[in-house]
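Report on the following structure.
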Amino acid sequence: MKRVSFIEEVRRYQESAGVEILGPASNDPNNGSKRVHYRCSCGFEGCTREARARRIKGCPTCASKYNRVLQNSYRLDGDTAFIDISTDKFPNTETAIDADQLGLAMDGKGRWYAADFNKGVVYAVRSAKGTKLHRVLAGAKGRSVVDHIDGDGLNNRLSNIRVCDQSLNQRNKAMCRRNKSGVIGVVPASTPGRWVAQGSVNGVRYSLGTFASVEEAAEVRREFERKHGFGPNHGSAR
């Protein structure tokens, strides 16, 4: 029997579930927000805020069922669990975590999905606020930063993620897709045919000179990285 893909499973559920808006209801007595009457596909009738009605998936019982559908499937390979975070944009995409951390990832609070809102690096996230799986697994709090040592945002094994400060994280980042030189920290000069090498450490920007070729500028930039302890994967195209 052919296994139904996760995306197709969700689509089927969304087609069978949903609500019908019956009309306006009295405003919320607490904050005055507008409310509407709705009928769930199961027959339940109730009230909800007008803004929420645009995205409600059903009555509390059906919404709970919907949330259970929106759980990720996964497979185990030794000590590693590979969680399916596929979307239409990123089909057949998985994130790797330590198998003993499945309880943290599969907590029933919603589905993890692939997103690349951070300069092209794909992460496992969920919710409109963009909660990131690697922060949950690393136990990161507040404004602390989590760095992927190998630069792969989908490798969320504990051996590959570390809580660090922003300075260290910036010394181990991928090359921006808009880069025109093929070397991080090397950009075209205002004079055609020449290249500028530059760098930044602890919020301080450094101009490393202007050169006649990308290769010359790249060598100066690499020396700057060695001097300031940049990661071996810094500037790689990922």
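By order of appearance in the structure tokens: chains A, B, ..., then residues from 1 within every chain, and ligands from 1 in the order shown.
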key: Test item: residues at most 9 Å from segment 140-144 of chain A, only C-alpha atoms, excluding those fewer than 2 positions along its chain, as a ChimeraX atom specification   = /A:134-138,146,163-166
task = May I have the residues within 8 Å of segment 221-227 of chain A as JSON, numbers by chain, using only C-alpha atoms and disregarding those fewer than 2 positions away in the same chain?
result = {"A": [185, 186, 197, 198, 199, 208, 217, 218, 219, 229, 230]}
Atoms kept (C-alpha atoms) for selection, written as a PDB file, in the first residue's frame:
ATOM      1  CA  GLY A 185      34.224  39.625   2.757  1.00  0.00           C
ATOM      2  CA  VAL A 186      35.315  40.503  -0.785  1.00  0.00           C
ATOM      3  CA  ALA A 197      38.564  43.074   1.176  1.00  0.00           C
ATOM      4  CA  GLN A 198      36.830  43.820   4.455  1.00  0.00           C
ATOM      5  CA  GLY A 199      35.962  42.165   7.746  1.00  0.00           C
ATOM      6  CA  LEU A 208      41.663  45.406   4.492  1.00  0.00           C
ATOM      7  CA  ALA A 217      41.691  40.200  -1.932  1.00  0.00           C
ATOM      8  CA  ALA A 218      40.658  36.660  -0.918  1.00  0.00           C
ATOM      9  CA  GLU A 219      44.120  35.851   0.455  1.00  0.00           C
ATOM     10  CA  GLY A 229      39.798  32.698  14.885  1.00  0.00           C
ATOM     11  CA  PHE A 230      37.021  32.325  12.339  1.00  0.00           C
TER      12      PHE A 230
END
request  = Would you mind listing what lies within 12 Å of Asn92 of chain A as a ChimeraX atom specification, with only C-alpha atoms counted and same-chain residues fewer than 2 positions away left out?
outcome  = /A:5-7,73-74,82-90,94-95,113-114
query = What's the 9 Å shell around Ala53 of chain A, counting only C-alpha atoms, without same-chain residues fewer than 4 positions away, as JSON, numbers by chain?
reply = {"A": [19, 21, 35, 36, 38, 48, 49, 57]}
message = Ranking A:Ser41, A:Thr210, A:Ser26, A:Asn72 by minimum distance to Pro60 of chain A and counting only C-alpha atoms, which one comes first?
response =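 Among the listed residues, A:Ser41 lies closest to Pro60 of chain A.
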ask   = Nearest to Ile97 of chain A: which of A:Pro29, A:Gly153, A:Gly23, A:Pro192 is it, counting only C-alpha atoms?
value = A:Gly153
request  = Please indicate the distance in Å from atom CA of Asp150 of chain A to atom CA of Pro188 of chain A, rounded to one decimal place.
outcome  =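 About the pair atom CA of Asp150 of chain A and atom CA of Pro188 of chain A: they are 27.9 Å apart.
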task = Tell me, in Å to one decimal, how far atom CA of Ser159 of chain A is from atom CA of Arg111 of chain A.
result =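 The value is 23.7 Å.
Each of A:Gln101, A:Asp147, A:Thr93, A:Lys109 was compared to Ala124 of chain A using only C-alpha atoms, and A:Thr93 turns out to be the nearest.
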note = In Å and to one decimal, atom CA of Ser200 of chain A is distant from atom CA of Ser181 of chain A by 17.6 Å
request  = Enumerate the residues of segment 123-169 of chain A with a DSSP assignment of strand (DSSP E or B), computed from the backbone, and present them as number ranges by chain.
outcome  = A: 123-126, 131-132, 145-148, 155, 161-164
